[in-house]
file target.csv (CSV, C-alpha atoms and all ligand atoms)
chain,number,residue,atom,x,y,z
A,1,MET,CA,13.8,78.3,100.5
A,2,ALA,CA,10.4,77.8,102.0
A,3,VAL,CA,7.9,76.1,99.6
A,4,ARG,CA,8.6,72.7,98.2
A,5,PRO,CA,6.4,71.2,95.5
A,6,LEU,CA,6.3,67.8,97.3
A,7,VAL,CA,5.9,67.1,101.0
A,8,ALA,CA,6.2,63.6,102.5
A,9,SER,CA,3.8,62.8,105.3
A,10,PRO,CA,5.7,61.9,108.6
A,11,ASP,CA,3.9,58.5,108.9
A,12,GLY,CA,5.1,57.3,105.5
A,13,SER,CA,1.5,56.8,104.1
A,14,ALA,CA,1.3,59.5,101.5
A,15,ILE,CA,2.9,62.5,99.8
A,16,SER,CA,1.3,65.9,99.0
A,17,ILE,CA,2.2,67.6,95.7
A,18,LEU,CA,1.6,71.0,94.3
A,19,ASP,CA,-0.5,70.2,91.2
A,20,GLN,CA,1.5,71.8,88.4
A,21,THR,CA,-1.3,71.4,85.9
A,22,ARG,CA,-3.3,74.0,87.9
A,23,LEU,CA,-0.4,76.5,88.1
A,24,PRO,CA,0.2,79.4,87.7
A,25,HIS,CA,-3.5,80.2,88.1
A,26,GLU,CA,-4.4,78.0,91.1
A,27,GLU,CA,-2.3,76.6,93.9
A,28,GLU,CA,-3.9,73.3,94.6
A,29,TRP,CA,-2.3,70.5,96.7
A,30,ARG,CA,-3.1,66.9,96.1
A,31,ARG,CA,-2.6,64.0,98.5
A,32,LEU,CA,-1.3,60.9,96.8
A,33,ASP,CA,-1.7,57.7,98.9
A,34,SER,CA,-1.6,54.9,96.3
A,35,LEU,CA,0.6,53.6,93.5
A,36,GLU,CA,-2.1,54.5,91.0
A,37,ALA,CA,-2.4,58.1,92.3
A,38,VAL,CA,1.3,58.6,92.1
A,39,ALA,CA,1.6,57.1,88.6
A,40,THR,CA,-1.2,59.2,87.4
A,41,ALA,CA,0.3,62.4,88.9
A,42,ILE,CA,3.6,61.7,87.0
A,43,ARG,CA,1.9,60.7,83.7
A,44,THR,CA,-0.4,63.7,83.6
A,45,MET,CA,2.4,66.1,84.7
A,46,GLN,CA,0.8,67.1,88.0
A,47,VAL,CA,4.4,66.6,89.0
A,48,ARG,CA,7.1,67.2,86.4
A,49,GLY,CA,10.7,68.0,85.9
A,50,ALA,CA,13.3,65.2,85.9
A,51,PRO,CA,14.5,65.3,89.5
A,52,LEU,CA,10.9,65.7,90.9
A,53,ILE,CA,9.5,62.8,89.0
A,54,GLY,CA,12.3,60.6,90.2
A,55,ILE,CA,11.6,61.6,93.9
A,56,THR,CA,7.9,61.2,93.4
A,57,ALA,CA,8.3,57.7,91.9
A,58,ALA,CA,10.6,56.8,94.8
A,59,TYR,CA,7.9,57.7,97.3
A,60,GLY,CA,5.3,56.0,95.1
A,61,LEU,CA,7.2,52.7,95.3
A,62,ALA,CA,7.4,52.9,99.1
A,63,ILE,CA,3.6,53.6,99.3
A,64,ALA,CA,2.9,50.6,97.1
A,65,LEU,CA,5.0,48.4,99.4
A,66,ARG,CA,2.7,49.2,102.3
A,67,ILE,CA,0.0,47.2,100.6
A,68,ASP,CA,2.1,44.3,99.3
A,69,ALA,CA,5.8,43.9,99.8
A,70,SER,CA,6.2,40.6,97.9
A,71,ASP,CA,8.9,40.4,95.2
A,72,GLN,CA,6.2,40.1,92.6
A,73,ALA,CA,4.3,43.2,93.8
A,74,LEU,CA,7.6,45.1,94.0
A,75,GLY,CA,8.5,44.3,90.5
A,76,GLU,CA,5.0,45.2,89.2
A,77,ALA,CA,4.9,48.5,91.0
A,78,ALA,CA,8.4,49.4,89.7
A,79,ALA,CA,7.2,48.6,86.2
A,80,VAL,CA,4.1,50.8,86.5
A,81,LEU,CA,6.2,53.7,87.7
A,82,ARG,CA,8.9,53.2,85.1
A,83,ALA,CA,6.2,53.3,82.3
A,84,THR,CA,4.8,56.7,83.3
A,85,ARG,CA,7.3,58.8,81.4
A,86,PRO,CA,10.1,57.5,79.2
A,87,THR,CA,12.8,60.3,78.8
A,88,ALA,CA,14.0,61.4,82.2
A,89,ILE,CA,16.5,58.9,83.5
A,90,ASN,CA,15.9,60.1,87.1
A,91,LEU,CA,12.7,58.1,87.1
A,92,ARG,CA,14.3,54.8,86.3
A,93,TRP,CA,17.3,55.5,88.5
A,94,ALA,CA,15.2,56.4,91.5
A,95,VAL,CA,12.9,53.3,91.1
A,96,GLU,CA,15.9,51.0,90.7
A,97,ARG,CA,17.6,52.5,93.7
A,98,VAL,CA,14.5,52.1,96.0
A,99,SER,CA,13.8,48.6,94.6
A,100,GLY,CA,17.4,47.6,95.4
A,101,ALA,CA,17.1,48.9,99.0
A,102,ALA,CA,13.8,47.2,99.5
A,103,ARG,CA,14.8,43.8,98.1
A,104,ALA,CA,17.8,43.7,100.4
A,105,VAL,CA,15.6,43.5,103.5
A,106,PRO,CA,12.9,41.2,104.8
A,107,ARG,CA,9.3,41.9,103.5
A,108,ALA,CA,8.2,43.3,106.9
A,109,ASP,CA,10.8,46.0,106.6
A,110,ARG,CA,10.5,46.9,102.9
A,111,ALA,CA,8.0,49.7,103.1
A,112,ARG,CA,9.9,51.5,105.8
A,113,ILE,CA,13.3,51.0,104.2
A,114,ALA,CA,11.9,52.2,100.8
A,115,TRP,CA,10.4,55.3,102.4
A,116,ALA,CA,13.8,56.1,104.0
A,117,GLU,CA,15.6,55.6,100.7
A,118,ALA,CA,13.1,57.9,99.0
A,119,GLY,CA,13.9,60.5,101.7
A,120,ALA,CA,17.6,60.0,101.1
A,121,ILE,CA,17.1,60.6,97.4
A,122,ALA,CA,15.2,63.8,98.2
A,123,ALA,CA,17.8,65.1,100.5
A,124,GLU,CA,20.6,64.3,98.0
A,125,ASP,CA,18.7,66.2,95.4
A,126,ILE,CA,18.5,69.3,97.5
A,127,ALA,CA,22.2,69.1,98.2
A,128,ALA,CA,23.1,68.5,94.6
A,129,CYS,CA,20.9,71.4,93.4
A,130,ARG,CA,22.5,73.7,96.0
A,131,ALA,CA,26.0,72.7,94.8
A,132,ILE,CA,25.0,73.3,91.2
A,133,GLY,CA,23.8,76.7,92.3
A,134,ASP,CA,27.2,77.5,93.8
A,135,HIS,CA,29.2,76.3,90.8
A,136,GLY,CA,26.9,78.2,88.5
A,137,LEU,CA,27.1,81.3,90.6
A,138,GLY,CA,30.8,81.3,89.9
A,139,LEU,CA,30.1,81.5,86.2
A,140,LEU,CA,27.5,84.3,86.7
A,141,ARG,CA,30.0,86.3,88.8
A,142,ARG,CA,32.7,86.0,86.2
A,143,LEU,CA,30.3,87.3,83.5
A,144,HIS,CA,29.3,90.2,85.7
A,145,GLN,CA,32.9,91.1,86.3
A,146,ALA,CA,33.8,90.7,82.6
A,147,GLN,CA,31.1,93.1,81.6
A,148,GLY,CA,32.3,95.7,84.2
A,149,GLY,CA,29.6,95.0,86.7
A,150,GLY,CA,27.4,97.8,85.4
A,151,ARG,CA,24.2,95.9,84.7
A,152,PRO,CA,22.5,92.6,85.6
A,153,VAL,CA,23.7,89.3,84.1
A,154,ARG,CA,21.0,88.3,81.5
A,155,VAL,CA,20.2,84.6,81.6
A,156,LEU,CA,18.0,82.8,79.0
A,157,THR,CA,16.3,79.6,80.1
A,158,HIS,CA,14.0,77.1,78.4
A,159,CYS,CA,11.2,75.1,80.0
A,160,ASN,CA,11.2,74.9,83.8
A,161,ALA,CA,14.2,73.7,85.7
A,162,GLY,CA,13.7,75.5,88.9
A,163,TRP,CA,12.4,74.6,92.4
A,164,LEU,CA,9.1,73.3,90.9
A,165,ALA,CA,11.1,70.7,88.9
A,166,ALA,CA,13.2,69.6,91.9
A,167,LEU,CA,12.7,70.3,95.5
A,168,GLU,CA,14.4,73.6,96.4
A,169,TYR,CA,16.7,75.5,94.1
A,170,GLY,CA,16.1,73.5,91.0
A,171,THR,CA,19.0,72.8,88.5
A,172,ALA,CA,19.3,75.4,85.8
A,173,LEU,CA,17.7,78.1,88.0
A,174,ALA,CA,19.9,77.2,91.0
A,175,PRO,CA,22.7,79.7,90.0
A,176,VAL,CA,20.0,82.4,89.5
A,177,TYR,CA,18.6,81.9,93.0
A,178,ARG,CA,22.1,81.7,94.5
A,179,ALA,CA,22.9,85.0,92.7
A,180,ALA,CA,19.8,86.6,94.0
A,181,GLU,CA,20.7,85.4,97.5
A,182,GLU,CA,24.2,86.9,97.2
A,183,GLY,CA,23.0,90.2,95.8
A,184,LEU,CA,24.4,89.6,92.3
A,185,PRO,CA,22.1,91.3,89.9
A,186,VAL,CA,20.5,88.9,87.4
A,187,GLU,CA,17.6,89.0,85.0
A,188,VAL,CA,16.0,86.0,83.3
A,189,TRP,CA,14.5,85.7,79.8
A,190,VAL,CA,12.0,82.8,80.0
A,191,ASP,CA,11.1,80.9,76.9
A,192,GLU,CA,7.4,80.2,76.9
A,193,THR,CA,8.1,76.5,75.9
A,194,ARG,CA,5.1,75.4,73.8
A,195,PRO,CA,3.1,73.2,74.0
A,196,ARG,CA,2.9,72.8,77.8
A,197,ASN,CA,4.1,76.3,78.5
A,198,GLN,CA,6.4,75.5,81.3
A,199,GLY,CA,7.8,78.9,80.9
A,200,TRP,CA,4.8,80.3,82.7
A,201,LEU,CA,5.7,78.0,85.6
A,202,THR,CA,9.2,79.4,85.5
A,203,ALA,CA,7.9,83.0,85.5
A,204,TRP,CA,5.6,82.1,88.4
A,205,GLU,CA,8.3,80.6,90.6
A,206,LEU,CA,10.8,83.4,89.7
A,207,GLY,CA,8.1,85.9,90.7
A,208,GLN,CA,7.6,84.1,94.0
A,209,ARG,CA,11.3,84.6,94.8
A,210,GLY,CA,11.4,88.2,93.5
A,211,VAL,CA,13.8,87.5,90.6
A,212,PRO,CA,13.4,90.0,87.6
A,213,HIS,CA,12.2,88.2,84.5
A,214,ALA,CA,10.3,88.4,81.3
A,215,VAL,CA,8.6,85.7,79.2
A,216,VAL,CA,9.4,85.6,75.5
A,217,THR,CA,7.8,83.4,72.8
A,218,ASP,CA,10.0,80.4,71.9
A,219,ASN,CA,10.8,81.9,68.5
A,220,ALA,CA,11.9,85.3,70.0
A,221,SER,CA,14.9,84.0,72.0
A,222,GLY,CA,17.0,83.6,68.9
A,223,HIS,CA,16.5,87.2,68.2
A,224,LEU,CA,17.6,88.2,71.7
A,225,LEU,CA,20.7,86.0,71.3
A,226,GLN,CA,21.5,87.6,67.9
A,227,ARG,CA,21.1,91.1,69.3
A,228,GLY,CA,23.5,90.6,72.2
A,229,GLU,CA,20.7,90.7,74.9
A,230,VAL,CA,21.7,87.4,76.5
A,231,ASP,CA,24.9,86.8,78.5
A,232,ILE,CA,24.4,83.1,79.2
A,233,VAL,CA,21.9,80.3,78.5
A,234,LEU,CA,21.1,77.9,81.3
A,235,VAL,CA,19.0,74.8,80.7
A,236,GLY,CA,18.2,71.6,82.6
A,237,THR,CA,18.4,68.1,81.4
A,238,ASP,CA,16.2,64.9,81.5
A,239,ARG,CA,19.0,62.6,80.4
A,240,THR,CA,22.6,63.3,79.7
A,241,ALA,CA,24.7,60.6,77.9
A,242,ARG,CA,28.3,59.7,78.8
A,243,ASN,CA,29.7,61.9,76.0
A,244,GLY,CA,27.9,65.0,77.3
A,245,ASP,CA,25.0,65.0,74.8
A,246,VAL,CA,22.1,66.6,76.6
A,247,CYS,CA,18.4,65.6,76.2
A,248,ASN,CA,16.1,68.3,77.4
A,249,LYS,CA,12.7,69.9,76.6
A,250,VAL,CA,12.1,70.1,72.9
A,251,GLY,CA,13.5,73.4,71.4
A,252,THR,CA,16.7,73.3,73.6
A,253,TRP,CA,18.7,72.2,70.5
A,254,LEU,CA,17.5,75.2,68.5
A,255,LYS,CA,18.5,77.6,71.4
A,256,ALA,CA,21.9,75.9,71.4
A,257,LEU,CA,22.4,76.4,67.7
A,258,ALA,CA,21.4,80.0,68.0
A,259,ALA,CA,23.7,80.6,71.0
A,260,ASP,CA,26.6,79.0,69.2
A,261,GLU,CA,26.0,81.3,66.2
A,262,ALA,CA,25.8,84.3,68.5
A,263,GLY,CA,28.8,83.3,70.6
A,264,VAL,CA,26.8,83.1,73.8
A,265,PRO,CA,27.9,80.5,76.4
A,266,PHE,CA,25.4,77.7,76.7
A,267,TYR,CA,25.4,75.5,79.9
A,268,ALA,CA,23.2,72.6,81.0
A,269,ALA,CA,22.8,72.0,84.8
A,270,VAL,CA,23.3,68.3,85.2
A,271,PRO,CA,22.8,66.5,88.6
A,272,SER,CA,24.5,63.1,88.5
A,273,SER,CA,21.0,61.5,88.9
A,274,SER,CA,20.3,62.8,85.3
A,275,ILE,CA,23.4,61.1,83.7
A,276,ASP,CA,22.8,57.8,81.9
A,277,TRP,CA,26.2,56.3,82.1
A,278,SER,CA,25.0,53.3,80.0
A,279,LEU,CA,24.6,55.4,76.9
A,280,ALA,CA,27.7,56.3,74.8
A,281,ASP,CA,25.8,59.2,73.2
A,282,GLY,CA,22.4,60.8,73.0
A,283,ARG,CA,21.1,59.0,69.9
A,284,ALA,CA,19.4,56.2,71.8
A,285,ILE,CA,17.6,58.4,74.4
A,286,PRO,CA,13.9,57.6,74.2
A,287,ILE,CA,12.0,60.8,73.2
A,288,GLU,CA,8.6,61.1,74.7
A,289,GLU,CA,5.7,61.9,72.4
A,290,ARG,CA,2.5,63.0,74.1
A,291,GLU,CA,-1.1,63.3,73.2
A,292,SER,CA,-2.1,65.8,70.5
A,293,GLY,CA,-4.5,67.7,72.7
A,294,GLU,CA,-1.5,69.5,74.3
A,295,VAL,CA,-0.8,71.1,70.9
A,296,THR,CA,-4.3,71.6,69.6
A,297,HIS,CA,-5.6,73.3,72.8
A,298,VAL,CA,-4.2,75.9,75.2
A,299,HIS,CA,-5.3,76.3,78.9
A,300,GLY,CA,-5.8,79.7,80.5
A,301,LEU,CA,-8.1,81.9,82.5
A,302,ASP,CA,-11.2,82.9,80.8
A,303,GLY,CA,-13.1,86.2,81.3
A,304,THR,CA,-14.9,84.9,84.3
A,305,GLY,CA,-11.6,83.8,86.0
A,306,ARG,CA,-12.0,80.1,85.4
A,307,VAL,CA,-9.3,77.9,83.9
A,308,THR,CA,-10.5,76.7,80.6
A,309,ALA,CA,-9.2,75.0,77.4
A,310,VAL,CA,-9.4,76.6,74.0
A,311,ALA,CA,-9.0,74.9,70.6
A,312,LEU,CA,-6.4,76.6,68.4
A,313,GLY,CA,-7.3,75.0,65.0
A,314,PRO,CA,-9.8,72.8,63.1
A,315,ALA,CA,-10.8,69.7,64.9
A,316,GLY,CA,-9.0,66.6,63.7
A,317,THR,CA,-5.9,68.4,62.4
A,318,PRO,CA,-3.0,65.8,62.5
A,319,VAL,CA,-0.4,66.7,65.1
A,320,ARG,CA,2.9,65.3,66.4
A,321,ASN,CA,3.7,66.4,70.0
A,322,ILE,CA,7.4,65.7,70.5
A,323,GLY,CA,8.5,66.4,74.1
A,324,PHE,CA,12.3,66.5,74.0
A,325,ASP,CA,15.3,66.8,71.8
A,326,VAL,CA,19.0,66.1,72.1
A,327,THR,CA,21.6,68.8,72.0
A,328,PRO,CA,25.0,67.4,70.9
A,329,ALA,CA,27.8,67.9,73.3
A,330,ARG,CA,29.7,70.1,70.9
A,331,TYR,CA,27.1,72.9,71.4
A,332,LEU,CA,27.5,73.0,75.2
A,333,THR,CA,30.1,75.3,76.8
A,334,GLY,CA,30.0,73.1,79.8
A,335,LEU,CA,27.9,70.9,82.2
A,336,ILE,CA,27.3,72.3,85.7
A,337,THR,CA,27.2,69.3,88.0
A,338,GLU,CA,27.1,69.0,91.8
A,339,ARG,CA,30.9,68.3,91.7
A,340,GLY,CA,31.8,71.3,89.5
A,341,VAL,CA,31.7,72.4,85.9
A,342,ALA,CA,32.7,69.7,83.5
A,343,ALA,CA,33.6,69.9,79.8
A,344,ALA,CA,30.7,68.4,77.8
A,345,SER,CA,32.6,65.2,76.9
A,346,GLU,CA,33.2,61.8,78.3
A,347,ALA,CA,36.6,62.9,79.6
A,348,GLY,CA,35.1,66.0,81.2
A,349,LEU,CA,32.5,64.0,83.0
A,350,LEU,CA,34.8,61.2,84.1
A,351,ALA,CA,37.3,63.7,85.5
A,352,LEU,CA,34.5,64.6,88.0
A,353,PHE,CA,33.0,61.1,88.3
A,354,PRO,CA,36.0,58.8,88.2
A,355,GLU,CA,34.0,56.0,89.7
A,356,GLN,CA,32.1,55.7,86.4
A,357,ARG,CA,35.2,54.8,84.4
A,401,LIG,O1,8.1,67.6,80.4
A,401,LIG,P1,8.7,68.3,81.6
A,401,LIG,O2,8.1,69.5,82.0
A,401,LIG,O3,8.8,67.3,82.8
A,401,LIG,O4,10.2,68.6,81.2
A,401,LIG,C1,11.1,69.3,82.1
A,401,LIG,C2,12.4,69.6,81.5
A,401,LIG,O5,12.6,69.4,80.3
A,401,LIG,C3,13.4,70.2,82.4
A,401,LIG,O6,14.2,71.1,81.7
A,401,LIG,C4,14.3,69.0,82.9
A,401,LIG,O7,13.4,68.0,83.5
A,401,LIG,C5,15.2,69.5,83.9
A,401,LIG,S1,14.3,69.9,85.4
A,401,LIG,C6,15.4,70.4,86.6

call {"tool": "encode", "arguments": {"input": "target.csv", "output": "structure tokens"}}
result
Amino acid sequence: MAVRPLVASPDGSAISILDQTRLPHEEEWRRLDSLEAVATAIRTMQVRGAPLIGITAAYGLAIALRIDASDQALGEAAAVLRATRPTAINLRWAVERVSGAARAVPRADRARIAWAEAGAIAAEDIAACRAIGDHGLGLLRRLHQAQGGGRPVRVLTHCNAGWLAALEYGTALAPVYRAAEEGLPVEVWVDETRPRNQGWLTAWELGQRGVPHAVVTDNASGHLLQRGEVDIVLVGTDRTARNGDVCNKVGTWLKALAADEAGVPFYAAVPSSSIDWSLADGRAIPIEERESGEVTHVHGLDGTGRVTAVALGPAGTPVRNIGFDVTPARYLTGLITERGVAAASEAGLLALFPEQR
């Protein structure tokens, strides 16, 4: 896998990110060399997706420590980063992990140790996504065999949980990429995912890797499930509770309900960095609500080839822009983790992560 959406500079001074607010129309890289630039990139979704915002925040903390490595500055920088987006637990987890590593050493070493810790988080994420891909590939192989091997396995996904949202394979799309690498035929239905339309990011990255796919409007995927045109649903997660409740991009729950009704297996890809072991269930997961402009306007290419925003309705229309929802564990066929496929329950997760008992 060649392109990564984040590249760390060798001297520890900055990261470069592929600006996801410009995709899929423009491939623009941005150099982030200050805490403020990193926090803005996460808040405005120039970087997005739970694993990637965790990794970005980890590097952001290391960059901040180059300027001031005092306990107070460390605490303040961590607070700034934690406040950028509330739902994905990866962000808090990564900031706490880098803070802990930095606090354990003298001030003079803090920036270097924090940078190394961020690098370790990035490397672990790549390994976890690859392992999720292998475990998910097993599920896709079984589906292919069960249907006689005559046609591609048809996957439905929601939002973007591929390599743009992590570093290499992504989470929910990792099994798809592993299938493509192994020559297992697979096709992907991509939910458009209003209002931010991350489905177009998914379509773009699948296209980059040559994986057959088609975008459908969010409301159409229920129809595909009902008509037997989907073999498996694969989604990511921003935060999964101890009991297997999965919080992911808004609309995930409705897909799970439809999949349940249609008898189609529904899996979430869950790296352990996305599990909030402190939460008994998903009810207390903070759900991000974003600015109304994301709903009232769409961005796209105009007739002159420029990216432009277009208003959809009357100015001043009241809007609620809810970013995530929680799918109760009972609607999940399983959770694909880096340690294997778990039943979506506390017992299922603890069987794979006994250290969290
Ligand atoms: O608001 P976003 O685009 O950051 O939301 C992303 C998702 O909901 C993804 O499905 C989730 O982060 C998993 S990414 C591997």

call {"tool": "closest_residue", "arguments": {"input": "target.csv", "among": "A:Ala102, A:Ala269, A:Ala41, A:Ile232", "to": "ligand LIG 401 (chain A)", "atoms": "all atoms listed in the file"}}
result
A:Ala269

call {"tool": "closest_atom_pairs", "arguments": {"input": "target.csv", "of": "chain A", "to": "ligand LIG 401 (chain A)", "cutoff": "8 Å", "atoms": "all atoms listed in the file", "output": "Markdown table"}}
result
| residue | atom | partner | partner_atom | distance |
| --- | --- | --- | --- | --- |
| A:Met45 | CA | A:LIG401 | O3 | 6.8 |
| A:Val47 | CA | A:LIG401 | O3 | 7.6 |
| A:Arg48 | CA | A:LIG401 | O3 | 4.0 |
| A:Gly49 | CA | A:LIG401 | O7 | 3.6 |
| A:Ala50 | CA | A:LIG401 | O7 | 3.7 |
| A:Pro51 | CA | A:LIG401 | C6 | 5.9 |
| A:Leu52 | CA | A:LIG401 | S1 | 7.7 |
| A:Ile53 | CA | A:LIG401 | O3 | 7.7 |
| A:Ala88 | CA | A:LIG401 | O7 | 6.8 |
| A:His158 | CA | A:LIG401 | O6 | 6.9 |
| A:Cys159 | CA | A:LIG401 | O6 | 5.3 |
| A:Asn160 | CA | A:LIG401 | O6 | 5.3 |
| A:Ala161 | CA | A:LIG401 | C6 | 3.6 |
| A:Gly162 | CA | A:LIG401 | C6 | 5.8 |
| A:Trp163 | CA | A:LIG401 | C6 | 7.8 |
| A:Ala165 | CA | A:LIG401 | S1 | 4.8 |
| A:Ala166 | CA | A:LIG401 | C6 | 5.8 |
| A:Gly170 | CA | A:LIG401 | C6 | 5.4 |
| A:Thr171 | CA | A:LIG401 | C6 | 4.7 |
| A:Ala172 | CA | A:LIG401 | C6 | 6.4 |
| A:Arg196 | CA | A:LIG401 | O2 | 7.5 |
| A:Gln198 | CA | A:LIG401 | O2 | 6.3 |
| A:Val235 | CA | A:LIG401 | O6 | 6.1 |
| A:Gly236 | CA | A:LIG401 | C5 | 3.9 |
| A:Thr237 | CA | A:LIG401 | C5 | 4.3 |
| A:Asp238 | CA | A:LIG401 | O7 | 4.6 |
| A:Asn248 | CA | A:LIG401 | O5 | 4.7 |
| A:Lys249 | CA | A:LIG401 | O5 | 3.7 |
| A:Val250 | CA | A:LIG401 | O5 | 7.4 |
| A:Ala269 | CA | A:LIG401 | C6 | 7.8 |
| A:Gly323 | CA | A:LIG401 | O1 | 6.4 |
| A:Phe324 | CA | A:LIG401 | O5 | 6.9 |

call {"tool": "residues_around", "arguments": {"input": "target.csv", "residues": "Arg330 in chain A", "least_positions_apart": "6", "cutoff": "9 Å", "atoms": "all atoms listed in the file", "output": "MDAnalysis selection string"}}
result
chainID A and resid 244:245 344:345

call {"tool": "atom_distance", "arguments": {"input": "target.csv", "atom1": "CA of Val341 in chain A", "atom2": "CA of Val246 in chain A"}}
result
14.6 Å

call {"tool": "atom_distance", "arguments": {"input": "target.csv", "atom1": "CA of Ser274 in chain A", "atom2": "CA of Ile89 in chain A"}}
result
5.7 Å

call {"tool": "residues_near_point", "arguments": {"input": "target.csv", "point": "(28.9, 90.5, 80.9)", "cutoff": "12 Å", "atoms": "all atoms listed in the file", "output": "JSON, numbers by chain"}}
result
{"A": [139, 140, 141, 142, 143, 144, 145, 146, 147, 148, 149, 150, 151, 152, 153, 154, 155, 185, 186, 228, 229, 230, 231, 232, 264, 265]}

call {"tool": "closest_residue", "arguments": {"input": "target.csv", "among": "A:Asn243, A:Ser272, A:Thr157, A:Thr327", "to": "Ala203 in chain A", "atoms": "all atoms listed in the file"}}
result
A:Thr157

call {"tool": "atom_distance", "arguments": {"input": "target.csv", "atom1": "CA of Ala58 in chain A", "atom2": "CA of Ala118 in chain A"}}
result
5.0 Å

call {"tool": "closest_atom_pairs", "arguments": {"input": "target.csv", "of": "range 296-350 of chain A", "to": "range 20-39 of chain A", "cutoff": "10 Å", "atoms": "all atoms listed in the file", "output": "Markdown table"}}
result
| residue | atom | partner | partner_atom | distance |
| --- | --- | --- | --- | --- |
| A:His299 | CA | A:Thr21 | CA | 9.4 |
| A:Gly300 | CA | A:His25 | CA | 8.0 |
| A:Leu301 | CA | A:His25 | CA | 7.4 |
| A:Gly305 | CA | A:His25 | CA | 9.1 |
| A:Arg306 | CA | A:His25 | CA | 8.9 |
| A:Val307 | CA | A:His25 | CA | 7.5 |

call {"tool": "decode", "arguments": {"input": "target.csv", "residues": "range 38-43 of chain A", "atoms": "all heavy atoms", "output": "CSV table (one decimal), in the first residue's frame"}}
result
chain,number,residue,atom,x,y,z
A,38,VAL,N,-2.6,21.6,14.0
A,38,VAL,CA,-3.1,20.2,14.1
A,38,VAL,C,-4.5,20.2,14.6
A,38,VAL,O,-5.3,19.5,14.1
A,38,VAL,CB,-2.1,19.4,15.0
A,38,VAL,CG1,-2.7,18.1,15.4
A,38,VAL,CG2,-0.7,19.2,14.4
A,39,ALA,N,-4.7,21.0,15.7
A,39,ALA,CA,-6.1,21.0,16.2
A,39,ALA,C,-7.1,21.5,15.2
A,39,ALA,O,-8.2,20.9,15.1
A,39,ALA,CB,-6.1,22.0,17.5
A,40,THR,N,-6.8,22.5,14.4
A,40,THR,CA,-7.7,23.0,13.4
A,40,THR,C,-7.9,21.9,12.3
A,40,THR,O,-9.1,21.7,11.9
A,40,THR,CB,-7.1,24.2,12.7
A,40,THR,OG1,-6.9,25.2,13.7
A,40,THR,CG2,-8.0,24.7,11.6
A,41,ALA,N,-6.9,21.2,11.9
A,41,ALA,CA,-7.0,20.1,10.9
A,41,ALA,C,-8.0,19.0,11.4
A,41,ALA,O,-8.8,18.5,10.6
A,41,ALA,CB,-5.7,19.5,10.6
A,42,ILE,N,-7.9,18.7,12.7
A,42,ILE,CA,-8.8,17.7,13.2
A,42,ILE,C,-10.3,18.2,13.3
A,42,ILE,O,-11.2,17.6,12.9
A,42,ILE,CB,-8.4,17.2,14.6
A,42,ILE,CG1,-7.0,16.5,14.5
A,42,ILE,CG2,-9.4,16.2,15.2
A,42,ILE,CD1,-6.4,16.2,15.9
A,43,ARG,N,-10.4,19.4,13.8
A,43,ARG,CA,-11.7,20.0,14.1
A,43,ARG,C,-12.4,20.2,12.7
A,43,ARG,O,-13.6,20.0,12.6
A,43,ARG,CB,-11.6,21.4,14.8
A,43,ARG,CG,-12.8,21.9,15.4
A,43,ARG,CD,-12.6,23.2,16.1
A,43,ARG,NE,-11.5,23.2,17.1
A,43,ARG,CZ,-10.4,23.9,17.0
A,43,ARG,NH1,-10.2,24.6,15.9
A,43,ARG,NH2,-9.5,23.8,17.9
